[in-house]
>>> print(open('structure37.cif').read())   # mmCIF, C-alpha atoms and all ligand atoms
data_upload
loop_
_atom_site.label_atom_id
_atom_site.label_comp_id
_atom_site.auth_asym_id
_atom_site.auth_seq_id
_atom_site.Cartn_x
_atom_site.Cartn_y
_atom_site.Cartn_z
CA MET A 1 19.00 1.64 -3.86
CA LYS A 2 19.01 5.08 -5.43
CA TYR A 3 16.08 6.56 -7.31
CA TYR A 4 16.50 8.86 -10.30
CA SER A 5 14.05 11.22 -11.98
CA THR A 6 12.87 10.38 -15.51
CA ASN A 7 13.59 14.03 -16.42
CA ARG A 8 17.17 13.69 -15.13
CA GLN A 9 17.33 17.33 -14.00
CA SER A 10 17.06 16.46 -10.29
CA PRO A 11 19.74 14.58 -8.37
CA GLU A 12 19.32 10.90 -7.49
CA THR A 13 17.76 10.38 -4.11
CA ASP A 14 17.15 7.65 -1.57
CA LEU A 15 13.89 5.75 -1.12
CA GLN A 16 12.81 7.80 1.88
CA GLN A 17 12.98 11.10 -0.01
CA ALA A 18 11.40 9.61 -3.14
CA VAL A 19 8.45 8.36 -1.10
CA ILE A 20 8.00 11.51 0.98
CA LYS A 21 8.25 13.81 -2.04
CA GLY A 22 6.30 11.74 -4.57
CA LEU A 23 7.32 13.71 -7.65
CA ALA A 24 10.91 14.85 -8.28
CA ALA A 25 11.62 18.60 -8.23
CA ASP A 26 12.07 18.58 -12.02
CA LYS A 27 8.54 17.08 -12.30
CA GLY A 28 9.96 13.74 -13.40
CA LEU A 29 8.92 10.39 -11.97
CA TYR A 30 11.26 8.46 -9.73
CA MET A 31 12.61 5.16 -11.02
CA PRO A 32 14.86 2.63 -9.28
CA ALA A 33 18.46 3.10 -10.46
CA THR A 34 18.78 -0.62 -11.15
CA ILE A 35 16.20 -3.32 -11.68
CA PRO A 36 17.52 -6.43 -9.97
CA VAL A 37 17.11 -9.74 -11.82
CA LEU A 38 15.90 -12.48 -9.48
CA SER A 39 17.65 -15.85 -9.36
CA ASP A 40 16.65 -18.98 -11.24
CA ALA A 41 16.21 -20.68 -7.89
CA PHE A 42 13.61 -18.07 -6.94
CA PHE A 43 11.60 -18.76 -10.09
CA ARG A 44 11.93 -22.54 -9.72
CA GLY A 45 10.58 -22.39 -6.20
CA LEU A 46 7.80 -19.92 -6.92
CA ALA A 47 4.92 -22.37 -7.24
CA GLY A 48 5.40 -23.61 -3.69
CA ARG A 49 5.36 -20.23 -2.00
CA SER A 50 2.67 -17.99 -0.55
CA PHE A 51 1.79 -14.52 -1.80
CA PRO A 52 3.44 -12.71 1.15
CA GLU A 53 6.59 -14.85 0.77
CA ILE A 54 6.85 -14.04 -2.94
CA ALA A 55 6.08 -10.37 -2.34
CA TYR A 56 8.74 -10.14 0.36
CA GLU A 57 11.44 -11.37 -2.07
CA VAL A 58 10.37 -8.85 -4.69
CA ALA A 59 10.08 -6.04 -2.14
CA SER A 60 13.57 -6.80 -0.76
CA ALA A 61 15.04 -6.32 -4.21
CA PHE A 62 13.88 -2.69 -4.24
CA PHE A 63 13.47 -1.68 -0.63
CA GLY A 64 15.84 -4.05 1.20
CA ASP A 65 18.70 -1.52 1.46
CA ASP A 66 16.49 1.14 3.01
CA VAL A 67 14.13 -0.80 5.25
CA ASP A 68 15.25 -3.43 7.75
CA ALA A 69 14.12 -7.00 7.11
CA ASP A 70 11.69 -7.23 10.04
CA THR A 71 9.95 -4.00 9.14
CA LEU A 72 9.69 -4.95 5.50
CA GLN A 73 8.33 -8.36 6.42
CA PHE A 74 5.72 -6.67 8.62
CA ILE A 75 4.73 -4.17 5.93
CA VAL A 76 4.34 -6.88 3.31
CA GLY A 77 2.34 -9.16 5.62
CA ASP A 78 0.12 -6.34 6.80
CA THR A 79 -0.50 -5.09 3.24
CA LEU A 80 -1.23 -8.44 1.66
CA ASN A 81 -3.65 -10.01 4.07
CA PHE A 82 -5.99 -10.78 1.18
CA ASP A 83 -5.58 -13.08 -1.79
CA THR A 84 -5.05 -12.30 -5.49
CA PRO A 85 -6.31 -15.53 -7.04
CA VAL A 86 -6.03 -16.56 -10.68
CA VAL A 87 -9.41 -17.84 -11.84
CA LYS A 88 -9.97 -19.90 -14.98
CA VAL A 89 -12.48 -18.22 -17.30
CA SER A 90 -12.10 -20.42 -20.39
CA ASP A 91 -9.54 -22.89 -21.78
CA LEU A 92 -6.89 -20.30 -22.55
CA VAL A 93 -8.01 -17.32 -20.51
CA TYR A 94 -7.61 -16.60 -16.82
CA ALA A 95 -8.64 -13.63 -14.68
CA LEU A 96 -6.19 -12.38 -12.08
CA GLU A 97 -8.62 -11.11 -9.44
CA LEU A 98 -7.13 -8.12 -7.66
CA PHE A 99 -10.30 -7.02 -5.91
CA HIS A 100 -10.28 -8.97 -2.66
CA GLY A 101 -8.92 -6.07 -0.60
CA PRO A 102 -10.91 -3.66 1.58
CA THR A 103 -12.23 -1.43 -1.22
CA LEU A 104 -12.54 -4.20 -3.83
CA ALA A 105 -10.11 -2.75 -6.37
CA PHE A 106 -6.47 -3.46 -7.20
CA LYS A 107 -5.30 -0.08 -5.90
CA ASP A 108 -5.63 -1.45 -2.36
CA VAL A 109 -2.29 -3.26 -2.72
CA GLY A 110 -0.25 -0.18 -3.62
CA ALA A 111 -2.15 2.19 -1.35
CA ARG A 112 -1.78 0.00 1.75
CA PHE A 113 1.89 -0.65 1.07
CA MET A 114 2.59 3.03 0.56
CA ALA A 115 0.68 4.01 3.73
CA ARG A 116 2.77 1.64 5.83
CA LEU A 117 6.09 2.57 4.23
CA LEU A 118 5.42 6.29 4.47
CA GLY A 119 4.24 5.83 8.06
CA TYR A 120 7.54 4.08 8.85
CA PHE A 121 9.68 6.83 7.29
CA ILE A 122 7.69 9.58 9.01
CA LYS A 123 8.18 7.96 12.38
CA LYS A 124 11.88 7.43 11.70
CA GLN A 125 12.34 11.09 10.75
CA GLY A 126 10.22 12.35 13.64
CA LEU A 127 7.82 14.12 11.29
CA THR A 128 4.38 14.60 12.77
CA ASP A 129 2.31 16.22 10.11
CA VAL A 130 2.44 14.93 6.54
CA ASN A 131 -0.47 15.68 4.25
CA VAL A 132 -1.46 13.42 1.39
CA LEU A 133 -3.49 15.07 -1.35
CA VAL A 134 -5.30 12.86 -3.81
CA ALA A 135 -7.74 13.64 -6.61
CA THR A 136 -10.16 10.89 -7.51
CA SER A 137 -12.88 9.96 -9.96
CA GLY A 138 -13.76 7.08 -7.62
CA ASP A 139 -11.37 4.20 -7.02
CA THR A 140 -8.14 5.96 -6.08
CA GLY A 141 -9.76 7.97 -3.30
CA SER A 142 -11.29 4.94 -1.66
CA ALA A 143 -8.12 2.83 -1.81
CA VAL A 144 -5.89 5.64 -0.54
CA ALA A 145 -8.31 6.70 2.23
CA ASN A 146 -8.71 3.14 3.49
CA GLY A 147 -5.00 2.39 3.15
CA PHE A 148 -4.02 5.44 5.22
CA LEU A 149 -6.87 5.28 7.73
CA GLY A 150 -5.49 5.64 11.25
CA VAL A 151 -1.80 5.92 10.22
CA PRO A 152 -0.21 8.30 12.77
CA GLY A 153 1.30 11.53 11.48
CA ILE A 154 -0.53 11.48 8.14
CA HIS A 155 -3.64 13.37 7.12
CA VAL A 156 -5.35 12.53 3.81
CA TYR A 157 -7.41 14.96 1.75
CA VAL A 158 -9.48 13.31 -0.98
CA LEU A 159 -10.69 15.74 -3.65
CA TYR A 160 -13.61 14.52 -5.73
CA PRO A 161 -16.09 16.07 -8.17
CA GLU A 162 -19.51 16.67 -6.64
CA GLY A 163 -22.20 14.46 -8.16
CA LYS A 164 -19.79 12.62 -10.48
CA VAL A 165 -18.70 9.73 -8.30
CA SER A 166 -21.02 6.73 -7.85
CA PRO A 167 -22.70 6.49 -4.42
CA ILE A 168 -20.95 3.17 -3.75
CA GLN A 169 -17.56 4.74 -4.43
CA GLU A 170 -18.34 7.95 -2.55
CA CYS A 171 -19.26 6.19 0.68
CA GLN A 172 -15.90 4.40 0.71
CA PHE A 173 -13.99 7.59 1.46
CA THR A 174 -16.59 9.96 2.93
CA THR A 175 -17.67 7.78 5.87
CA LEU A 176 -14.30 7.07 7.46
CA GLY A 177 -13.58 10.14 9.62
CA GLN A 178 -10.35 10.08 11.70
CA ASN A 179 -7.43 11.30 9.57
CA ILE A 180 -9.41 11.31 6.31
CA THR A 181 -11.10 14.45 4.99
CA ALA A 182 -13.25 14.28 1.86
CA LEU A 183 -13.40 17.51 -0.14
CA GLU A 184 -16.39 17.69 -2.46
CA ILE A 185 -15.40 20.05 -5.25
CA ASP A 186 -17.91 22.03 -7.27
CA GLY A 187 -16.27 21.01 -10.56
CA THR A 188 -15.06 18.06 -12.66
CA PHE A 189 -12.40 15.42 -12.03
CA ASP A 190 -10.01 17.46 -14.18
CA ASP A 191 -10.61 20.43 -11.85
CA CYS A 192 -9.75 18.24 -8.85
CA GLN A 193 -6.56 17.05 -10.49
CA ALA A 194 -5.60 20.61 -11.44
CA LEU A 195 -6.16 21.72 -7.82
CA VAL A 196 -3.82 19.01 -6.53
CA LYS A 197 -1.18 19.99 -9.09
CA SER A 198 -1.47 23.66 -8.14
CA ALA A 199 -1.10 22.75 -4.48
CA PHE A 200 2.18 20.92 -5.16
CA MET A 201 3.49 23.94 -7.07
CA ASP A 202 2.43 26.63 -4.57
CA ARG A 203 5.51 27.78 -2.69
CA GLU A 204 3.74 29.24 0.33
CA LEU A 205 1.64 26.12 0.85
CA ASN A 206 4.68 23.87 0.60
CA GLU A 207 6.62 26.01 3.06
CA ARG A 208 3.84 25.79 5.58
CA MET A 209 2.77 22.17 5.06
CA GLN A 210 4.52 18.91 4.13
CA LEU A 211 2.55 17.73 1.07
CA THR A 212 2.83 14.48 -0.85
CA SER A 213 0.94 12.52 -3.46
CA ALA A 214 -0.47 8.99 -3.30
CA ASN A 215 -1.11 8.58 -7.01
CA SER A 216 0.82 5.95 -8.94
CA ILE A 217 3.56 8.51 -9.56
CA ASN A 218 4.75 7.60 -6.04
CA VAL A 219 7.22 4.70 -6.19
CA ALA A 220 5.84 3.27 -2.95
CA ARG A 221 2.44 2.86 -4.57
CA PHE A 222 3.62 1.88 -7.99
CA LEU A 223 6.35 -0.74 -7.38
CA PRO A 224 4.34 -3.05 -5.05
CA GLN A 225 2.00 -3.65 -7.96
CA ALA A 226 4.74 -5.87 -9.39
CA PHE A 227 4.12 -8.40 -6.60
CA TYR A 228 0.97 -9.93 -7.96
CA TYR A 229 2.40 -10.65 -11.40
CA PHE A 230 4.83 -13.06 -9.75
CA HIS A 231 2.05 -14.55 -7.67
CA ALA A 232 -0.09 -15.02 -10.77
CA TYR A 233 2.76 -16.77 -12.55
CA ALA A 234 3.25 -19.04 -9.53
CA GLN A 235 -0.41 -20.02 -9.60
CA LEU A 236 -0.30 -20.80 -13.33
CA GLN A 237 2.75 -23.00 -12.76
CA LYS A 238 0.82 -24.83 -10.08
CA GLN A 239 -2.02 -25.38 -12.51
CA ASN A 240 0.45 -26.78 -15.06
CA VAL A 241 -0.03 -24.06 -17.63
CA ARG A 242 2.86 -24.59 -20.06
CA ASN A 243 1.87 -22.13 -22.79
CA ASP A 244 3.53 -18.75 -23.21
CA ILE A 245 1.94 -16.28 -20.84
CA VAL A 246 0.47 -12.98 -21.94
CA PHE A 247 -0.68 -10.43 -19.37
CA CYS A 248 -3.45 -8.10 -20.48
CA VAL A 249 -3.79 -4.98 -18.34
CA PRO A 250 -6.77 -2.60 -18.39
CA SER A 251 -4.93 0.72 -18.29
CA GLY A 252 -5.55 4.35 -17.39
CA ASN A 253 -2.48 5.99 -15.86
CA PHE A 254 -0.46 2.86 -16.73
CA GLY A 255 0.93 2.28 -13.24
CA ASN A 256 -0.33 -1.27 -13.18
CA LEU A 257 1.07 -2.16 -16.60
CA THR A 258 4.42 -0.51 -15.87
CA ALA A 259 4.74 -2.58 -12.68
CA GLY A 260 4.21 -5.67 -14.85
CA LEU A 261 6.96 -4.51 -17.20
CA ILE A 262 9.25 -4.16 -14.19
CA ALA A 263 8.40 -7.72 -13.11
CA HIS A 264 9.30 -8.82 -16.64
CA ARG A 265 12.61 -6.99 -16.40
CA MET A 266 13.26 -8.78 -13.09
CA GLY A 267 13.13 -12.05 -15.01
CA LEU A 268 9.48 -13.07 -14.84
CA PRO A 269 9.01 -15.43 -17.82
CA VAL A 270 6.17 -13.65 -19.57
CA LYS A 271 6.04 -13.52 -23.35
CA ARG A 272 4.35 -10.16 -23.81
CA PHE A 273 1.82 -7.63 -22.54
CA ILE A 274 -1.35 -6.12 -23.91
CA ALA A 275 -2.48 -2.67 -22.75
CA ALA A 276 -6.28 -2.51 -22.93
CA ASN A 277 -7.69 1.00 -23.21
CA ASN A 278 -11.24 2.27 -23.36
CA THR A 279 -11.88 5.03 -25.93
CA ASN A 280 -9.14 7.08 -24.23
CA ASP A 281 -6.54 5.39 -26.42
CA VAL A 282 -3.55 7.76 -26.61
CA PHE A 283 -1.25 4.85 -25.79
CA LEU A 284 -2.60 2.68 -28.60
CA GLN A 285 -2.13 5.63 -30.96
CA TYR A 286 1.44 5.95 -29.76
CA LEU A 287 2.07 2.25 -30.50
CA LEU A 288 0.58 2.63 -33.98
CA THR A 289 2.22 5.90 -34.97
CA GLY A 290 5.23 6.45 -32.72
CA ARG A 291 3.79 9.82 -31.73
CA TYR A 292 2.48 10.58 -28.27
CA ARG A 293 -0.42 12.99 -28.41
CA PRO A 294 -2.15 13.52 -25.06
CA ARG A 295 -5.70 14.82 -25.28
CA PRO A 296 -8.53 15.58 -22.82
CA SER A 297 -10.19 12.45 -21.49
CA VAL A 298 -13.74 11.43 -22.33
CA GLN A 299 -16.13 9.68 -19.98
CA THR A 300 -16.67 5.92 -20.45
CA LEU A 301 -18.19 2.97 -18.60
CA ALA A 302 -14.68 2.02 -17.43
CA ASN A 303 -14.21 5.37 -15.72
CA ALA A 304 -11.05 4.56 -13.76
CA MET A 305 -9.33 4.42 -17.16
CA ASP A 306 -10.60 7.79 -18.38
CA VAL A 307 -7.14 9.29 -18.68
CA GLY A 308 -5.94 11.43 -21.57
CA ASP A 309 -2.29 11.87 -20.55
CA PRO A 310 -1.16 8.79 -18.61
CA SER A 311 1.37 9.77 -15.97
CA ASN A 312 3.40 6.56 -16.16
CA PHE A 313 4.06 6.88 -19.88
CA ALA A 314 7.34 8.56 -18.95
CA ARG A 315 8.37 5.43 -17.03
CA ILE A 316 7.56 3.15 -19.98
CA LEU A 317 9.62 5.30 -22.35
CA ASP A 318 12.48 5.22 -19.90
CA LEU A 319 12.37 1.45 -19.40
CA TYR A 320 12.82 0.91 -23.14
CA GLY A 321 15.33 3.69 -23.75
CA HIS A 322 12.71 5.73 -25.65
CA ASN A 323 12.81 3.10 -28.39
CA HIS A 324 9.41 2.79 -30.05
CA GLU A 325 10.25 -0.51 -31.72
CA ALA A 326 11.40 -2.09 -28.46
CA ILE A 327 8.14 -0.98 -26.86
CA THR A 328 5.96 -2.37 -29.64
CA GLN A 329 7.81 -5.70 -29.47
CA CYS A 330 6.84 -6.17 -25.87
CA ILE A 331 3.48 -4.40 -25.65
CA SER A 332 0.51 -4.29 -27.97
CA GLY A 333 -2.54 -2.12 -27.56
CA PHE A 334 -6.29 -2.43 -27.75
CA ARG A 335 -9.22 -0.02 -27.73
CA CYS A 336 -12.58 -0.98 -26.26
CA ASP A 337 -15.51 1.39 -26.71
CA ASP A 338 -18.58 1.39 -24.47
CA ASP A 339 -20.61 -0.80 -26.85
CA THR A 340 -17.85 -3.39 -26.85
CA ILE A 341 -17.65 -3.21 -23.05
CA ARG A 342 -21.39 -3.91 -22.81
CA GLN A 343 -21.23 -6.78 -25.31
CA THR A 344 -18.19 -8.27 -23.66
CA VAL A 345 -19.64 -8.23 -20.14
CA LYS A 346 -22.73 -9.95 -21.50
CA THR A 347 -21.09 -12.57 -23.70
CA CYS A 348 -18.37 -13.38 -21.18
CA TYR A 349 -21.00 -13.88 -18.49
CA GLU A 350 -23.35 -15.88 -20.70
CA SER A 351 -20.74 -18.10 -22.36
CA THR A 352 -18.37 -18.72 -19.43
CA GLY A 353 -20.32 -17.85 -16.28
CA TYR A 354 -17.63 -15.34 -15.31
CA LEU A 355 -18.88 -11.80 -14.66
CA PRO A 356 -16.22 -9.16 -15.38
CA ASP A 357 -16.46 -5.50 -14.34
CA PRO A 358 -16.30 -2.86 -17.12
CA HIS A 359 -12.48 -2.51 -16.75
CA GLY A 360 -11.79 -6.24 -16.74
CA ALA A 361 -14.11 -6.54 -19.74
CA CYS A 362 -11.70 -4.37 -21.77
CA GLY A 363 -8.96 -6.84 -20.89
CA TYR A 364 -11.07 -9.87 -21.74
CA ALA A 365 -12.10 -8.33 -25.08
CA ALA A 366 -8.46 -7.63 -25.94
CA LEU A 367 -7.50 -11.25 -25.30
CA GLN A 368 -10.43 -12.54 -27.36
CA GLU A 369 -9.07 -10.64 -30.33
CA ASN A 370 -5.36 -10.84 -29.72
CA LEU A 371 -4.35 -14.23 -28.34
CA GLN A 372 -1.99 -16.23 -30.61
CA PRO A 373 -1.47 -20.02 -30.80
CA ASN A 374 0.40 -21.48 -27.81
CA GLU A 375 -0.45 -18.50 -25.63
CA THR A 376 -2.42 -18.41 -22.42
CA GLY A 377 -3.86 -15.02 -21.55
CA VAL A 378 -4.32 -13.54 -18.12
CA PHE A 379 -6.36 -10.36 -17.84
CA LEU A 380 -6.16 -8.33 -14.67
CA GLU A 381 -9.61 -8.08 -13.11
CA THR A 382 -9.02 -4.72 -11.47
CA ALA A 383 -12.32 -4.21 -9.61
CA HIS A 384 -15.26 -6.18 -8.29
CA PRO A 385 -18.27 -5.92 -10.66
CA ALA A 386 -20.50 -4.77 -7.78
CA LYS A 387 -18.56 -1.50 -7.64
CA PHE A 388 -20.30 -0.74 -10.94
CA LYS A 389 -23.61 -2.29 -10.01
CA ASP A 390 -25.90 0.01 -12.01
CA THR A 391 -23.95 -0.54 -15.23
CA ILE A 392 -23.61 -4.30 -14.74
CA ASP A 393 -27.22 -4.84 -13.69
CA GLY A 394 -28.35 -2.95 -16.79
CA ILE A 395 -26.20 -5.09 -19.08
CA ILE A 396 -27.01 -8.56 -17.77
CA GLY A 397 -30.56 -7.80 -16.60
CA LYS A 398 -29.98 -9.05 -13.06
CA ASN A 399 -29.73 -7.57 -9.62
CA ILE A 400 -26.20 -8.53 -8.58
CA GLU A 401 -25.34 -8.91 -4.95
CA ILE A 402 -23.24 -6.30 -3.13
CA PRO A 403 -20.50 -7.92 -1.01
CA SER A 404 -20.89 -7.34 2.72
CA ARG A 405 -17.65 -5.34 2.83
CA LEU A 406 -19.24 -2.74 0.55
CA GLN A 407 -22.50 -2.75 2.46
CA VAL A 408 -20.67 -1.77 5.63
CA PHE A 409 -19.44 1.43 3.96
CA MET A 410 -22.92 2.15 2.64
CA ARG A 411 -24.33 2.18 6.17
CA GLY A 412 -21.81 4.82 7.33
CA LYS A 413 -22.58 8.51 7.63
CA LYS A 414 -21.30 10.72 4.82
CA GLN A 415 -19.02 13.53 5.97
CA SER A 416 -17.50 15.90 3.44
CA VAL A 417 -16.49 19.52 3.07
CA ARG A 418 -17.85 21.33 0.02
CA LEU A 419 -15.41 23.63 -1.73
CA GLY A 420 -15.39 25.78 -4.84
CA LYS A 421 -13.05 24.87 -7.66
CA THR A 422 -10.59 27.76 -7.41
CA PHE A 423 -7.17 27.14 -5.94
CA ASN A 424 -7.72 29.93 -3.41
CA ASP A 425 -10.69 28.02 -1.95
CA LEU A 426 -8.49 24.97 -1.41
CA LYS A 427 -5.49 26.87 -0.14
CA ALA A 428 -7.54 28.86 2.36
CA PHE A 429 -9.09 25.64 3.62
CA LEU A 430 -5.76 23.80 3.99
CA LEU A 431 -4.10 26.70 5.78
CA ALA A 432 -7.03 27.37 8.12
C1 LIG B 501 -7.04 2.65 -11.51
C2 LIG B 501 -7.79 1.60 -12.22
C3 LIG B 501 -7.39 1.13 -13.48
C4 LIG B 501 -6.23 1.73 -14.24
O1 LIG B 501 -5.01 1.46 -13.61
P1 LIG B 501 -3.70 2.31 -13.99
O2 LIG B 501 -2.63 1.78 -13.12
O3 LIG B 501 -4.03 3.74 -13.71
O4 LIG B 501 -3.45 2.07 -15.44
C5 LIG B 501 -8.11 0.09 -14.06
N1 LIG B 501 -9.18 -0.44 -13.44
C6 LIG B 501 -9.60 -0.01 -12.23
C7 LIG B 501 -10.81 -0.63 -11.63
C8 LIG B 501 -8.93 1.02 -11.58
O5 LIG B 501 -9.37 1.44 -10.40
#
>>> encode(input="structure37.cif", output="structure tokens", more="lines below")
Ligand SMILES: *Cc1c(COP(=O)(O)O)cnc(C)c1O
Amino acid sequence: MKYYSTNRQSPETDLQQAVIKGLAADKGLYMPATIPVLSDAFFRGLAGRSFPEIAYEVASAFFGDDVDADTLQFIVGDTLNFDTPVVKVSDLVYALELFHGPTLAFKDVGARFMARLLGYFIKKQGLTDVNVLVATSGDTGSAVANGFLGVPGIHVYVLYPEGKVSPIQECQFTTLGQNITALEIDGTFDDCQALVKSAFMDRELNERMQLTSANSINVARFLPQAFYYFHAYAQLQKQNVRNDIVFCVPSGNFGNLTAGLIAHRMGLPVKRFIAANNTNDVFLQYLLTGRYRPRPSVQTLANAMDVGDPSNFARILDLYGHNHEAITQCISGFRCDDDTIRQTVKTCYESTGYLPDPHGACGYAALQENLQPNETGVFLETAHPAKFKDTIDGIIGKNIEIPSRLQVFMRGKKQSVRLGKTFNDLKAFLLA
């Protein structure tokens, strides 16, 4: 399988180069040259198969030409050693829980898969020193750090804004040691992201170090997120859901939603998608007006979705041939402000017994307003509510329990390097 750049100014490349580079030289995002449609037999048999079995079939469609079957089977099995269950919330609404991995957020799937695939390519090429740079406001850093922990030949630098990441999130990437270095930047998340961008553009740095990105721009992190849409569908079949299925995806950089759209293109029988935003609603505005107007992000309770210029928007445009009408036929939007998040967490918990996190709450709220007759809605529950314990406790007036997996991180010793926010600070540190 070849991968092309959404800007079409760089040549097509193979999977190995797309994964090692992350972003194409023309700053476009890599996309698979074809999106294979899976067979009817595959869909008929879906309900009887396990998550790793389903994921292997989907992974083969994209990666099967470039990775031998045994290796791919190993990568899939080693990535997906936790479940992504579909849980009934009310008669017509289900939660697809994606938080049963090591850092309790959906990014574990893509981060672990990418770590193993990149590790395989590095070994094959005899590279010894690849550096992953990642900027985080919380969840990405923890998933990437834990996914890459101990992978030979790879060093991960997590840049995060000092004092702006919750203690629970911070301990998930500052206590690991080994090949993970946490860089505590005296600045904001936007500063961290700008530093990473500058690093990728700095010629001297790139001549002296092999740098790559583990954000959802990387195909190895983005495409595996398609797996769990198939698994969710299989579980609904098993539960005899016969209504049309609508997936509702709490969205920030839109990697998760775009992976769902790819699953759809591969033949997954889903009727439509809803993109749930917090107040950072540039995508909703695009759906309503046909104009894409990125703007600086504002801080919300669903902070992993505080994105003002979603990187995967280019992939969505490309998938639908830049046709606004085709996009609006398949995807609708929703905006959920902080008050609505609070109300939704509370009413969902009190009326159904299901406790969503602030991101999942945006998805649940969108379905409450948007679901049509004969539709069953599935919102992606992207993080465990305990990751946002202070917020959730305040809303429902309880002291929710922290899962033991999180407690283990919280007992570790914080190690981080404090850096100023200028690029020279970072560059000097990386080259030292
Ligand atoms: C990253 C994240 C999102 C947004 O996902 P995108 O793929 O960036 O749209 C939503 N919820 C949580 C908890 C996240 O960590």
>>> residues_near_ligand(input="structure37.cif", ligand="ligand LIG 501 (chain B)", cutoff="8 Å", atoms="all atoms listed in the file", output="PyMOL selection string")
chain A and resi 105-107+138-140+216+249-258+302-305+310+357+359-360+381-384
>>> residues_around(input="structure37.cif", residues="Pro356 of chain A", least_positions_apart="4", cutoff="7 Å", atoms="only C-alpha atoms", output="ChimeraX atom specification")
/A:345,360-361,385
>>> axis_aligned_box(input="structure37.cif", around="segment 284-289 of chain A", padding_each_side="5 Å", output="AutoDock Vina command-line options")
--center_x -0.2 --center_y 4.1 --center_z -31.8 --size_x 14.8 --size_y 13.7 --size_z 16.4
>>> residues_around(input="structure37.cif", residues="segment 394-399 of chain A", least_positions_apart="2", cutoff="8 Å", atoms="only C-alpha atoms", output="PDB file with C-alpha atoms, in the coordinates of the input")
ATOM      1  CA  ARG A 342     -21.390  -3.910 -22.810  1.00  0.00           C
ATOM      2  CA  VAL A 345     -19.640  -8.230 -20.140  1.00  0.00           C
ATOM      3  CA  LYS A 346     -22.730  -9.950 -21.500  1.00  0.00           C
ATOM      4  CA  ASP A 390     -25.900   0.010 -12.010  1.00  0.00           C
ATOM      5  CA  THR A 391     -23.950  -0.540 -15.230  1.00  0.00           C
ATOM      6  CA  ILE A 392     -23.610  -4.300 -14.740  1.00  0.00           C
ATOM      7  CA  GLU A 401     -25.340  -8.910  -4.950  1.00  0.00           C
TER       8      GLU A 401
END
>>> atom_distance(input="structure37.cif", atom1="atom CA of Gln193 of chain A", atom2="atom CA of Glu97 of chain A")
28.3 Å
>>> residues_around(input="structure37.cif", residues="Leu183 of chain A", least_positions_apart="6", cutoff="12 Å", atoms="only C-alpha atoms", output="count of residues only")
30
>>> build_atoms(input="structure37.cif", residues="segment 321-330 of chain A", atoms="N, CA, C and O atoms", output="PDB file, in the coordinates of the input")
ATOM      1  N   GLY A 321      14.390   2.759 -23.134  1.00  0.00           N
ATOM      2  CA  GLY A 321      15.330   3.690 -23.750  1.00  0.00           C
ATOM      3  C   GLY A 321      14.693   4.536 -24.839  1.00  0.00           C
ATOM      4  O   GLY A 321      15.345   4.854 -25.843  1.00  0.00           O
ATOM      5  N   HIS A 322      13.427   4.889 -24.678  1.00  0.00           N
ATOM      6  CA  HIS A 322      12.710   5.730 -25.650  1.00  0.00           C
ATOM      7  C   HIS A 322      12.672   5.110 -27.046  1.00  0.00           C
ATOM      8  O   HIS A 322      12.552   5.810 -28.041  1.00  0.00           O
ATOM      9  N   ASN A 323      12.788   3.780 -27.100  1.00  0.00           N
ATOM     10  CA  ASN A 323      12.810   3.100 -28.390  1.00  0.00           C
ATOM     11  C   ASN A 323      11.421   2.550 -28.721  1.00  0.00           C
ATOM     12  O   ASN A 323      10.967   1.569 -28.125  1.00  0.00           O
ATOM     13  N   HIS A 324      10.780   3.171 -29.685  1.00  0.00           N
ATOM     14  CA  HIS A 324       9.410   2.790 -30.050  1.00  0.00           C
ATOM     15  C   HIS A 324       9.322   1.322 -30.463  1.00  0.00           C
ATOM     16  O   HIS A 324       8.409   0.594 -30.080  1.00  0.00           O
ATOM     17  N   GLU A 325      10.301   0.868 -31.232  1.00  0.00           N
ATOM     18  CA  GLU A 325      10.250  -0.510 -31.720  1.00  0.00           C
ATOM     19  C   GLU A 325      10.359  -1.506 -30.561  1.00  0.00           C
ATOM     20  O   GLU A 325       9.641  -2.516 -30.516  1.00  0.00           O
ATOM     21  N   ALA A 326      11.251  -1.197 -29.614  1.00  0.00           N
ATOM     22  CA  ALA A 326      11.400  -2.090 -28.460  1.00  0.00           C
ATOM     23  C   ALA A 326      10.089  -2.148 -27.671  1.00  0.00           C
ATOM     24  O   ALA A 326       9.685  -3.205 -27.179  1.00  0.00           O
ATOM     25  N   ILE A 327       9.411  -1.010 -27.588  1.00  0.00           N
ATOM     26  CA  ILE A 327       8.140  -0.980 -26.860  1.00  0.00           C
ATOM     27  C   ILE A 327       7.082  -1.805 -27.590  1.00  0.00           C
ATOM     28  O   ILE A 327       6.388  -2.616 -26.978  1.00  0.00           O
ATOM     29  N   THR A 328       7.004  -1.640 -28.896  1.00  0.00           N
ATOM     30  CA  THR A 328       5.960  -2.370 -29.640  1.00  0.00           C
ATOM     31  C   THR A 328       6.251  -3.876 -29.691  1.00  0.00           C
ATOM     32  O   THR A 328       5.352  -4.674 -29.889  1.00  0.00           O
ATOM     33  N   GLN A 329       7.515  -4.265 -29.505  1.00  0.00           N
ATOM     34  CA  GLN A 329       7.810  -5.700 -29.470  1.00  0.00           C
ATOM     35  C   GLN A 329       7.285  -6.360 -28.211  1.00  0.00           C
ATOM     36  O   GLN A 329       6.969  -7.542 -28.191  1.00  0.00           O
ATOM     37  N   CYS A 330       7.225  -5.592 -27.158  1.00  0.00           N
ATOM     38  CA  CYS A 330       6.840  -6.170 -25.870  1.00  0.00           C
ATOM     39  C   CYS A 330       5.367  -5.908 -25.527  1.00  0.00           C
ATOM     40  O   CYS A 330       4.739  -6.668 -24.820  1.00  0.00           O
TER      41      CYS A 330
END
